[in-house]
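Source file: model.cif (mmCIF, C-alpha atoms and all ligand atoms)
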data_model
#
loop_
_atom_site.label_atom_id
_atom_site.label_comp_id
_atom_site.auth_asym_id
_atom_site.auth_seq_id
_atom_site.Cartn_x
_atom_site.Cartn_y
_atom_site.Cartn_z
CA MET A 1 88.42 115.10 98.22
CA VAL A 2 91.22 112.91 99.52
CA ASP A 3 90.65 109.18 99.97
CA ILE A 4 90.95 107.96 103.56
CA ARG A 5 89.83 104.39 102.91
CA THR A 6 92.27 101.74 103.99
CA SER A 7 92.45 98.12 105.10
CA PHE A 8 93.34 96.34 108.31
CA VAL A 9 94.34 92.66 108.50
CA GLY A 10 92.85 92.25 105.03
CA LEU A 11 89.51 93.87 105.90
CA PRO A 12 88.44 96.92 103.87
CA LEU A 13 87.85 100.01 106.07
CA GLU A 14 86.16 103.29 105.24
CA SER A 15 88.58 105.14 107.52
CA PRO A 16 91.76 104.47 109.52
CA VAL A 17 90.04 104.98 112.91
CA ILE A 18 89.01 101.96 114.96
CA VAL A 19 87.07 102.21 118.20
CA SER A 20 89.10 100.38 120.90
CA SER A 21 87.76 97.54 122.98
CA SER A 22 86.00 99.22 125.92
CA GLY A 23 82.60 100.10 127.34
CA LEU A 24 82.18 102.23 124.17
CA THR A 25 81.56 99.09 122.16
CA ARG A 26 79.59 97.23 124.81
CA SER A 27 76.32 98.71 123.54
CA ILE A 28 75.44 98.24 119.89
CA ASP A 29 73.61 101.58 119.76
CA ARG A 30 76.61 103.45 121.07
CA ALA A 31 78.93 101.62 118.69
CA ARG A 32 76.60 102.47 115.81
CA SER A 33 76.80 106.19 116.62
CA LEU A 34 80.60 105.91 116.46
CA VAL A 35 80.44 104.15 113.11
CA GLU A 36 78.15 106.92 111.87
CA ALA A 37 80.80 109.42 112.98
CA GLY A 38 83.29 107.65 110.69
CA ALA A 39 84.90 104.76 112.59
CA GLY A 40 86.14 102.20 110.07
CA ALA A 41 85.78 99.23 112.43
CA VAL A 42 85.12 98.40 116.07
CA VAL A 43 86.80 96.14 118.58
CA LEU A 44 84.13 94.76 120.88
CA LYS A 45 84.45 94.84 124.65
CA SER A 46 86.64 91.91 125.76
CA LEU A 47 85.23 88.63 126.94
CA PHE A 48 87.22 88.11 130.15
CA GLU A 49 87.52 84.53 131.35
CA GLU A 50 88.64 85.84 134.74
CA GLN A 51 85.34 87.65 135.16
CA ILE A 52 83.46 84.42 134.43
CA LEU A 53 85.61 82.56 136.96
CA MET A 54 85.03 85.24 139.59
CA HIS A 55 81.29 85.12 139.02
CA THR A 56 81.37 81.32 139.26
CA GLY A 57 83.36 81.49 142.50
CA HIS A 58 80.88 83.95 143.97
CA LEU A 59 77.91 81.73 143.13
CA ILE A 60 79.62 78.61 144.45
CA ALA A 61 80.50 80.39 147.71
CA HIS A 62 76.82 81.21 148.20
CA ASN A 63 75.59 77.73 147.35
CA ASP A 64 74.96 75.07 150.00
CA TYR A 65 75.29 72.04 147.70
CA PRO A 66 78.93 71.29 146.92
CA GLU A 67 77.90 68.71 144.31
CA ALA A 68 76.38 71.56 142.29
CA GLU A 69 79.80 73.18 141.68
CA ASP A 70 80.45 71.60 138.29
CA TYR A 71 76.97 72.42 137.16
CA ILE A 72 77.30 76.06 138.26
CA SER A 73 80.70 76.42 136.56
CA ALA A 74 79.45 75.01 133.29
CA TYR A 75 76.24 77.01 133.44
CA VAL A 76 77.88 80.37 134.18
CA ARG A 77 80.49 79.83 131.50
CA THR A 78 77.98 78.86 128.83
CA GLU A 79 75.71 81.74 129.76
CA ALA A 80 78.54 84.32 129.63
CA VAL A 81 79.93 82.99 126.36
CA ASP A 82 76.47 82.78 124.77
CA THR A 83 75.72 86.38 125.73
CA TYR A 84 79.00 87.44 124.13
CA LEU A 85 78.29 85.45 120.98
CA SER A 86 74.85 87.07 120.59
CA TYR A 87 76.59 90.41 120.97
CA VAL A 88 79.06 89.51 118.19
CA ARG A 89 76.17 88.41 115.95
CA GLU A 90 74.18 91.57 116.63
CA ALA A 91 77.23 93.78 115.99
CA LYS A 92 77.81 92.03 112.66
CA GLU A 93 74.18 92.43 111.71
CA LYS A 94 73.76 96.07 112.70
CA LEU A 95 77.06 97.92 112.42
CA GLY A 96 77.94 97.54 108.75
CA VAL A 97 81.72 97.69 109.43
CA PRO A 98 84.24 94.96 110.27
CA VAL A 99 83.70 93.63 113.78
CA ILE A 100 86.74 92.55 115.77
CA ALA A 101 86.02 90.38 118.81
CA SER A 102 88.32 90.58 121.84
CA ILE A 103 89.15 87.89 124.36
CA ASN A 104 91.28 87.64 127.46
CA CYS A 105 91.75 84.16 128.91
CA ARG A 106 93.38 82.50 131.89
CA GLY A 107 93.62 78.89 130.73
CA LYS A 108 95.45 77.90 127.56
CA GLU A 109 92.56 75.85 126.19
CA SER A 110 90.08 78.69 126.76
CA TRP A 111 91.78 80.89 124.15
CA PHE A 112 91.09 78.31 121.45
CA GLU A 113 87.60 77.48 122.69
CA PHE A 114 86.50 81.16 122.82
CA ALA A 115 88.20 81.97 119.51
CA GLU A 116 86.39 79.14 117.70
CA GLN A 117 83.11 80.32 119.13
CA VAL A 118 83.51 83.97 118.11
CA ARG A 119 84.55 82.84 114.65
CA GLY A 120 81.35 80.82 114.45
CA ALA A 121 79.37 83.90 115.51
CA GLY A 122 80.75 85.81 112.51
CA ALA A 123 83.55 88.00 113.91
CA ASP A 124 85.80 89.32 111.14
CA ALA A 125 88.97 89.20 113.24
CA LEU A 126 90.12 88.54 116.77
CA GLU A 127 92.10 90.83 119.04
CA VAL A 128 93.76 88.87 121.81
CA ASN A 129 94.23 90.92 124.90
CA ILE A 130 97.18 89.20 126.59
CA MET A 131 98.50 90.82 129.75
CA ARG A 132 100.50 88.98 132.34
CA LEU A 133 102.37 90.16 135.36
CA GLU A 134 104.55 87.32 136.64
CA THR A 135 105.18 87.47 140.37
CA ASP A 136 107.03 84.16 140.72
CA LEU A 137 110.70 84.95 141.41
CA TYR A 138 111.78 81.69 139.74
CA PHE A 139 109.80 82.35 136.60
CA ASP A 140 111.78 82.18 133.37
CA PRO A 141 111.15 85.37 131.33
CA VAL A 142 111.53 83.39 128.10
CA ALA A 143 108.55 81.28 129.17
CA THR A 144 106.34 84.38 129.25
CA GLU A 145 107.09 85.14 125.63
CA GLN A 146 106.59 81.49 124.77
CA THR A 147 103.08 81.70 126.22
CA TYR A 148 102.24 84.50 123.78
CA ILE A 149 103.70 82.53 120.90
CA ASP A 150 101.84 79.34 121.84
CA ILE A 151 98.55 81.23 122.03
CA VAL A 152 99.04 82.79 118.59
CA GLN A 153 100.16 79.49 117.04
CA GLY A 154 97.09 77.78 118.46
CA LEU A 155 94.77 80.50 117.21
CA ARG A 156 96.11 80.32 113.68
CA GLY A 157 93.94 77.25 113.19
CA THR A 158 90.75 79.33 113.48
CA GLY A 159 91.53 81.03 110.18
CA LEU A 160 90.62 84.41 111.74
CA PRO A 161 93.08 87.29 111.36
CA ILE A 162 94.79 87.50 114.77
CA ILE A 163 95.69 90.85 116.30
CA VAL A 164 97.79 90.72 119.48
CA LYS A 165 97.18 93.59 121.88
CA LEU A 166 100.35 94.09 123.89
CA SER A 167 101.29 96.07 126.93
CA ARG A 168 104.35 98.31 126.99
CA GLN A 169 106.13 96.06 129.49
CA HIS A 170 108.29 93.97 127.21
CA THR A 171 112.07 93.90 127.21
CA ALA A 172 112.67 93.39 123.50
CA LEU A 173 109.46 94.31 121.76
CA PRO A 174 110.70 94.09 118.12
CA ALA A 175 111.98 90.54 118.71
CA LEU A 176 108.72 89.50 120.36
CA VAL A 177 106.61 91.01 117.58
CA ASP A 178 108.73 89.25 114.98
CA LYS A 179 108.11 85.91 116.71
CA LEU A 180 104.39 86.65 116.89
CA ARG A 181 104.43 87.45 113.16
CA ALA A 182 106.20 84.20 112.40
CA SER A 183 103.60 82.39 114.52
CA GLY A 184 100.74 83.80 112.47
CA ALA A 185 99.77 87.17 113.99
CA ALA A 186 98.46 89.54 111.32
CA ALA A 187 98.80 92.65 113.48
CA VAL A 188 99.75 93.99 116.88
CA THR A 189 97.94 96.69 118.81
CA LEU A 190 100.43 98.98 120.53
CA PHE A 191 99.51 99.40 123.37
CA ASN A 192 97.00 98.18 125.86
CA ARG A 193 96.64 100.22 129.02
CA THR A 194 97.21 98.47 132.31
CA TYR A 195 94.75 98.87 135.12
CA GLN A 196 96.28 101.58 137.28
CA ILE A 197 96.62 101.57 141.04
CA ASP A 198 97.01 104.41 143.48
CA ILE A 199 97.15 105.02 147.22
CA ASP A 200 94.49 106.91 149.12
CA LEU A 201 96.68 108.82 151.60
CA GLU A 202 93.79 109.57 153.95
CA ARG A 203 92.78 105.94 154.36
CA GLU A 204 96.30 104.58 153.70
CA GLN A 205 94.88 102.02 151.31
CA PHE A 206 95.42 100.96 147.74
CA VAL A 207 92.65 102.08 145.41
CA GLY A 208 91.96 101.89 141.69
CA GLY A 209 93.84 104.62 139.77
CA GLU A 210 93.11 106.71 136.69
CA VAL A 211 91.13 104.78 134.10
CA PHE A 212 91.82 107.06 131.16
CA SER A 213 95.08 107.65 129.33
CA HIS A 214 96.78 111.01 128.94
CA GLN A 215 97.50 112.65 125.61
CA GLY A 216 101.23 112.64 126.51
CA ASP A 217 101.20 108.82 126.60
CA PHE A 218 101.12 108.98 122.82
CA THR A 219 104.88 109.53 122.45
CA GLU A 220 105.57 105.90 123.43
CA THR A 221 102.92 104.71 120.98
CA LEU A 222 104.61 106.76 118.28
CA ARG A 223 108.12 105.51 119.04
CA TYR A 224 107.17 101.84 119.00
CA THR A 225 104.84 102.15 116.01
CA GLY A 226 107.71 103.57 113.94
CA LEU A 227 110.16 100.98 115.27
CA ILE A 228 107.96 97.94 114.72
CA VAL A 229 106.80 99.02 111.27
CA GLY A 230 110.39 99.62 110.22
CA LEU A 231 111.90 96.53 111.81
CA VAL A 232 109.21 93.87 111.40
CA PRO A 233 107.78 93.84 107.90
CA GLY A 234 104.80 91.58 107.41
CA VAL A 235 102.86 92.57 110.52
CA GLU A 236 100.47 95.50 110.70
CA VAL A 237 100.34 97.91 113.61
CA ALA A 238 97.24 99.40 115.17
CA ALA A 239 98.50 102.43 117.10
CA SER A 240 96.70 102.75 120.42
CA THR A 241 96.98 104.91 123.54
CA GLY A 242 96.92 108.67 123.48
CA ILE A 243 95.29 109.19 120.08
CA TYR A 244 93.11 112.16 120.99
CA THR A 245 93.08 114.38 117.88
CA TRP A 246 93.85 114.39 114.15
CA GLN A 247 97.46 115.23 114.99
CA GLU A 248 98.11 111.93 116.81
CA LEU A 249 96.19 110.03 114.15
CA THR A 250 98.22 111.59 111.34
CA LYS A 251 101.51 111.04 113.17
CA SER A 252 100.63 107.37 113.74
CA LEU A 253 100.06 106.89 110.02
CA LEU A 254 103.28 108.70 109.12
CA ALA A 255 105.13 106.40 111.53
CA GLY A 256 103.57 103.48 109.66
CA ALA A 257 100.47 102.45 111.58
CA GLN A 258 97.81 100.76 109.51
CA VAL A 259 95.09 102.27 111.73
CA GLY A 260 94.71 104.27 114.91
CA GLN A 261 92.52 103.04 117.75
CA MET A 262 90.67 105.61 119.85
CA CYS A 263 89.15 105.18 123.29
CA THR A 264 89.70 107.87 125.98
CA ALA A 265 89.18 110.71 123.48
CA ILE A 266 85.74 109.31 122.66
CA TYR A 267 84.85 108.85 126.33
CA LYS A 268 85.75 112.50 126.88
CA GLN A 269 84.44 114.18 123.72
CA GLY A 270 81.93 111.71 122.30
CA ALA A 271 81.65 110.77 118.61
CA GLN A 272 82.91 114.25 117.75
CA ALA A 273 86.45 113.04 118.54
CA ILE A 274 86.29 110.68 115.54
CA ARG A 275 84.65 113.20 113.22
CA GLU A 276 87.19 115.91 114.08
CA SER A 277 90.15 113.53 113.75
CA LEU A 278 89.10 112.40 110.29
CA ARG A 279 88.33 115.94 109.16
CA GLY A 280 91.72 117.15 110.41
CA LEU A 281 93.51 114.25 108.70
CA GLN A 282 91.77 115.00 105.41
CA MET A 283 92.62 118.70 105.59
CA TRP A 284 96.25 117.94 106.41
CA MET A 285 96.44 115.46 103.51
CA GLN A 286 95.02 118.05 101.14
CA GLU A 287 97.46 120.73 102.30
CA HIS A 288 100.40 118.33 101.96
CA GLY A 289 99.37 116.99 98.57
CA TYR A 290 98.45 113.42 99.53
CA GLU A 291 95.57 111.77 97.70
CA ASN A 292 95.35 108.60 99.74
CA ILE A 293 96.63 107.05 102.96
CA GLU A 294 99.04 104.68 101.24
CA GLU A 295 101.04 107.65 99.97
CA LEU A 296 101.81 108.89 103.47
CA ARG A 297 101.83 105.71 105.52
CA GLY A 298 105.23 104.88 106.96
CA ARG A 299 107.06 107.87 105.47
CA LEU A 300 108.57 108.39 108.92
CA SER A 301 108.99 104.80 110.09
CA TYR A 302 112.28 103.50 111.49
CA SER A 303 113.35 102.18 108.11
CA ALA A 304 112.29 105.28 106.17
CA VAL A 305 113.95 108.14 108.04
CA PRO A 306 117.58 109.09 107.35
CA ASP A 307 118.51 109.00 111.06
CA PRO A 308 116.62 106.17 112.80
CA THR A 309 118.83 106.45 115.91
CA LEU A 310 116.30 109.05 117.04
CA PHE A 311 113.95 106.14 117.77
CA GLU A 312 116.55 104.51 119.99
CA ARG A 313 117.46 107.49 122.15
CA MET A 314 116.02 106.89 125.57
CA GLN A 315 118.30 108.94 127.79
CA PHE A 316 118.37 112.66 128.26
CA MET A 317 122.10 112.91 127.63
CA LYS A 318 123.45 116.44 127.43
CA TYR A 319 124.45 115.95 123.82
CA PHE A 320 120.86 115.26 122.74
CA SER A 321 119.11 117.84 124.87
CA MET A 322 121.48 120.70 124.11
CA ARG A 323 118.84 122.86 122.56
CA ASN A 324 116.84 122.79 125.79
CA ASN A 325 119.75 123.37 128.17
C1 LIG B 1 86.72 102.22 130.52
C2 LIG B 1 87.70 101.40 129.70
C3 LIG B 1 87.43 100.06 129.45
C4 LIG B 1 88.35 99.29 128.72
N1 LIG B 1 88.08 97.97 128.47
C5 LIG B 1 88.94 97.24 127.72
C6 LIG B 1 88.67 95.89 127.37
O1 LIG B 1 87.63 95.31 127.73
N2 LIG B 1 89.57 95.22 126.62
C7 LIG B 1 90.73 95.80 126.16
O2 LIG B 1 91.51 95.14 125.46
N3 LIG B 1 91.02 97.08 126.46
C8 LIG B 1 90.17 97.81 127.22
N4 LIG B 1 90.46 99.12 127.51
C9 LIG B 1 91.71 99.72 127.01
C10 LIG B 1 91.45 100.48 125.69
O3 LIG B 1 91.00 99.59 124.69
C11 LIG B 1 92.71 101.20 125.19
O4 LIG B 1 93.69 100.23 124.85
C12 LIG B 1 93.32 102.16 126.22
O5 LIG B 1 92.30 102.93 126.85
C13 LIG B 1 94.33 103.10 125.57
O6 LIG B 1 93.76 103.86 124.52
P1 LIG B 1 93.30 105.42 124.69
O7 LIG B 1 94.50 106.20 125.04
O8 LIG B 1 92.72 105.80 123.35
O9 LIG B 1 92.28 105.43 125.77
C14 LIG B 1 89.55 99.90 128.24
C15 LIG B 1 89.78 101.26 128.49
C16 LIG B 1 88.88 102.01 129.20
C17 LIG B 1 89.17 103.47 129.45
#
Re-express the file's structure as structure tokens.
Amino acid sequence: MVDIRTSFVGLPLESPVIVSSSGLTRSIDRARSLVEAGAGAVVLKSLFEEQILMHTGHLIAHNDYPEAEDYISAYVRTEAVDTYLSYVREAKEKLGVPVIASINCRGKESWFEFAEQVRGAGADALEVNIMRLETDLYFDPVATEQTYIDIVQGLRGTGLPIIVKLSRQHTALPALVDKLRASGAAAVTLFNRTYQIDIDLEREQFVGGEVFSHQGDFTETLRYTGLIVGLVPGVEVAASTGIYTWQELTKSLLAGAQVGQMCTAIYKQGAQAIRESLRGLQMWMQEHGYENIEELRGRLSYSAVPDPTLFERMQFMKYFSMRNN
């Protein structure tokens, strides 16, 4: 039998599949069933500071005593954070695999405060879910990147392995990832999925869009996984978005990913999605003569292939699409 054990940010994993941060990992029982199906680690549902602030605002709006505002803010925050910390502790106690906490903050200080607390609760690593959409026309784009770097530099002090979950919307991703690496990030998760919006044509109103990814979204994950692995040594990549079957998982590893994160596929097919992906990977490894993951990882990364310009081709120029013309 081939060996599919691996490691991620220094943590030993029984398999290269990680369950993404989502409602799938909000319940310990559900997470346990996914570990039993073969997941090597889990990323817990994110602790969103914005949600806490919204809840606080709602309570304050319905409270007749303005002097109680500070008390309500502190109470709601402590309550939400404590609930999350108990969840981290329970996951550590019951899951038997590395537990990665996930946070998304608004204020700079909150990142460090939450990170210290999840470290204290026993999380093995921290995925920071940073997504910003700047709407200020005078905003300096360099300042956005600096925010990411400052957060990572600040979190280095916790001693936890830091994984930065990024969105696709970055101008020069390799350069950003290299700065994050230099600032202390152990890995990047490529990519997060933005909350989608849509228009209801009947009501002529904006509504929430599709929650789940599409299998075709994987091609961008693949391109950037191969690019980052080849161009930025010293940082691991968790491939994420569009990993539905063993094929996407295997391709991610060939491009150089350390692990593949799965979310939508599990929502749609249950724990079977993990089982089938691992079985398919093992069969493919056997057929292709690989005994362990290290032998195949990165064989098709940007720095390993003879013609890496393939990674850089973005345009459908006639020259490149000749075969399909
Ligand atoms: C219902 C749902 C809830 C999610 N919640 C979170 C979250 O709390 N934190 C986070 O970082 N990502 C969250 N995500 C994004 C996923 O972790 C993942 O990055 C995204 O779905 C792309 O992966 P996929 O193609 O395997 O679904 C959520 C996704 C879904 C579908």
Given only C-alpha atoms as the basis, pick out the residue of A:Leu34, A:Val97, A:Arg193, A:Gly154 nearest to Glu14 of chain A.
A:Val97
Report as CSV the residues of chain A within 10 Å of ligand LIG 1 (chain B), each with its shortest atom pair and distance in Å (one decimal), using all atoms listed in the file, ordered by chain and increasing residue number.
residue,atom,partner,partner_atom,distance
A:Ile18,CA,B:LIG1,O8,9.9
A:Val19,CA,B:LIG1,O3,8.0
A:Ser20,CA,B:LIG1,O3,4.3
A:Ser21,CA,B:LIG1,O3,4.2
A:Ser22,CA,B:LIG1,N1,3.5
A:Gly23,CA,B:LIG1,C3,5.3
A:Leu24,CA,B:LIG1,C3,7.8
A:Thr25,CA,B:LIG1,O1,9.1
A:Arg26,CA,B:LIG1,O1,8.8
A:Val43,CA,B:LIG1,O3,8.2
A:Leu44,CA,B:LIG1,O1,7.7
A:Lys45,CA,B:LIG1,O1,4.5
A:Ser46,CA,B:LIG1,O1,4.1
A:Leu47,CA,B:LIG1,O1,7.1
A:Phe48,CA,B:LIG1,O1,7.6
A:Ala101,CA,B:LIG1,O2,9.8
A:Ser102,CA,B:LIG1,O2,6.6
A:Ile103,CA,B:LIG1,N2,7.7
A:Asn104,CA,B:LIG1,O2,7.8
A:Glu127,CA,B:LIG1,O2,7.8
A:Val128,CA,B:LIG1,O2,7.6
A:Asn129,CA,B:LIG1,O2,5.1
A:Ile130,CA,B:LIG1,O2,8.3
A:Met131,CA,B:LIG1,O2,9.3
A:Val164,CA,B:LIG1,O2,9.7
A:Lys165,CA,B:LIG1,O2,6.9
A:Leu166,CA,B:LIG1,O2,9.0
A:Ser167,CA,B:LIG1,O4,8.9
A:Thr189,CA,B:LIG1,O4,8.2
A:Leu190,CA,B:LIG1,O4,8.1
A:Phe191,CA,B:LIG1,O4,6.1
A:Asn192,CA,B:LIG1,O4,4.0
A:Arg193,CA,B:LIG1,C12,4.8
A:Thr194,CA,B:LIG1,C9,7.7
A:Tyr195,CA,B:LIG1,C15,8.6
A:Glu210,CA,B:LIG1,C17,8.9
A:Val211,CA,B:LIG1,C17,5.2
A:Phe212,CA,B:LIG1,C17,4.8
A:Ser213,CA,B:LIG1,O7,4.6
A:His214,CA,B:LIG1,O7,6.6
A:Gln215,CA,B:LIG1,O7,7.1
A:Gly216,CA,B:LIG1,O7,9.4
A:Asp217,CA,B:LIG1,O7,7.4
A:Phe218,CA,B:LIG1,O7,7.5
A:Thr221,CA,B:LIG1,O7,9.5
A:Ala239,CA,B:LIG1,O6,8.9
A:Ser240,CA,B:LIG1,O6,5.2
A:Thr241,CA,B:LIG1,O7,3.2
A:Gly242,CA,B:LIG1,O7,3.8
A:Ile243,CA,B:LIG1,O8,5.4
A:Tyr244,CA,B:LIG1,O8,6.8
A:Gly260,CA,B:LIG1,O8,8.8
A:Gln261,CA,B:LIG1,O8,6.2
A:Met262,CA,B:LIG1,O8,4.1
A:Cys263,CA,B:LIG1,O8,3.6
A:Thr264,CA,B:LIG1,O9,3.6
A:Ala265,CA,B:LIG1,O8,6.1
A:Ile266,CA,B:LIG1,O8,7.8
A:Tyr267,CA,B:LIG1,C17,7.6
A:Lys268,CA,B:LIG1,O9,9.7
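With all atoms listed in the file as the atoms that count, the minimum distance from Leu133 of chain A to the choices A:Thr309, A:His170, A:Val99, A:Gly157 is reached by A:His170.
Interatomic distance, atom CA of Glu50 of chain A against atom CA of Leu173 of chain A: 26.0 Å.
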Which residue gives the smallest distance to Asn292 of chain A among A:Val232, A:Ala31, A:Leu253, A:Ala273, with all atoms listed in the file counted?
A:Leu253
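One finds atom CA of Gly298 of chain A at 16.7 Å from atom CA of Ser15 of chain A.
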Using the file's own x, y and z axes, what box holds all listed atoms of segment 102-116 of chain A with 3 Å on each side, keeping edges along x, y and z, and what are its centre and edge lengths in Å to one decimal, as lines of an AutoDock Vina configuration file?
center_x = 90.9
center_y = 83.2
center_z = 124.8
size_x = 15.1
size_y = 20.7
size_z = 20.2
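Put simply, atom CA of Val177 of chain A is 26.9 Å away from atom CA of Trp246 of chain A.
When only C-alpha atoms are used to compute distances to Leu281 of chain A, the closest of the residues A:Ala304, A:Leu137, A:Ala41, A:Leu254 turns out to be A:Leu254.
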How would you write as a PDB file with C-alpha atoms, in the frame of the given file the residues that get within 8 Å of (103.6, 102.9, 118.1) in the file's frame, counting all atoms listed in the file?
ATOM      1  CA  LEU A 190     100.430  98.980 120.530  1.00  0.00           C
ATOM      2  CA  PHE A 191      99.510  99.400 123.370  1.00  0.00           C
ATOM      3  CA  GLU A 220     105.570 105.900 123.430  1.00  0.00           C
ATOM      4  CA  THR A 221     102.920 104.710 120.980  1.00  0.00           C
ATOM      5  CA  LEU A 222     104.610 106.760 118.280  1.00  0.00           C
ATOM      6  CA  ARG A 223     108.120 105.510 119.040  1.00  0.00           C
ATOM      7  CA  TYR A 224     107.170 101.840 119.000  1.00  0.00           C
ATOM      8  CA  THR A 225     104.840 102.150 116.010  1.00  0.00           C
ATOM      9  CA  GLY A 226     107.710 103.570 113.940  1.00  0.00           C
ATOM     10  CA  LEU A 227     110.160 100.980 115.270  1.00  0.00           C
ATOM     11  CA  ILE A 228     107.960  97.940 114.720  1.00  0.00           C
ATOM     12  CA  VAL A 237     100.340  97.910 113.610  1.00  0.00           C
ATOM     13  CA  ALA A 238      97.240  99.400 115.170  1.00  0.00           C
ATOM     14  CA  ALA A 239      98.500 102.430 117.100  1.00  0.00           C
ATOM     15  CA  SER A 240      96.700 102.750 120.420  1.00  0.00           C
ATOM     16  CA  SER A 252     100.630 107.370 113.740  1.00  0.00           C
ATOM     17  CA  ALA A 255     105.130 106.400 111.530  1.00  0.00           C
ATOM     18  CA  ALA A 257     100.470 102.450 111.580  1.00  0.00           C
TER      19      ALA A 257
END
Just want the 10 Å neighbourhood of segment 75-84 of chain A, counted on all atoms listed in the file, with same-chain residues fewer than 3 positions away dropped. Output as a PyMOL selection string.
chain A and resi 26+44-49+51-53+55-56+59+69-72+87-90+101+114+117-118+121
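Using all atoms listed in the file, the shortest contact distance between Ser86 of chain A and any of A:Leu249, A:Glu294, A:Gly122, A:Met314 is found at A:Gly122.
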So, with only C-alpha atoms as the atoms that count, which of A:Thr250, A:Thr171, A:Gln146, A:Thr245 lies closest to Arg275 of chain A?
A:Thr245
Spatial neighbours of Arg32 of chain A, max dist 10 Å, all atoms listed in the file, sep filter under 3 positions, as an MDAnalysis selection string
chainID A and resid 25 27:29 35:39 42 91 94:97
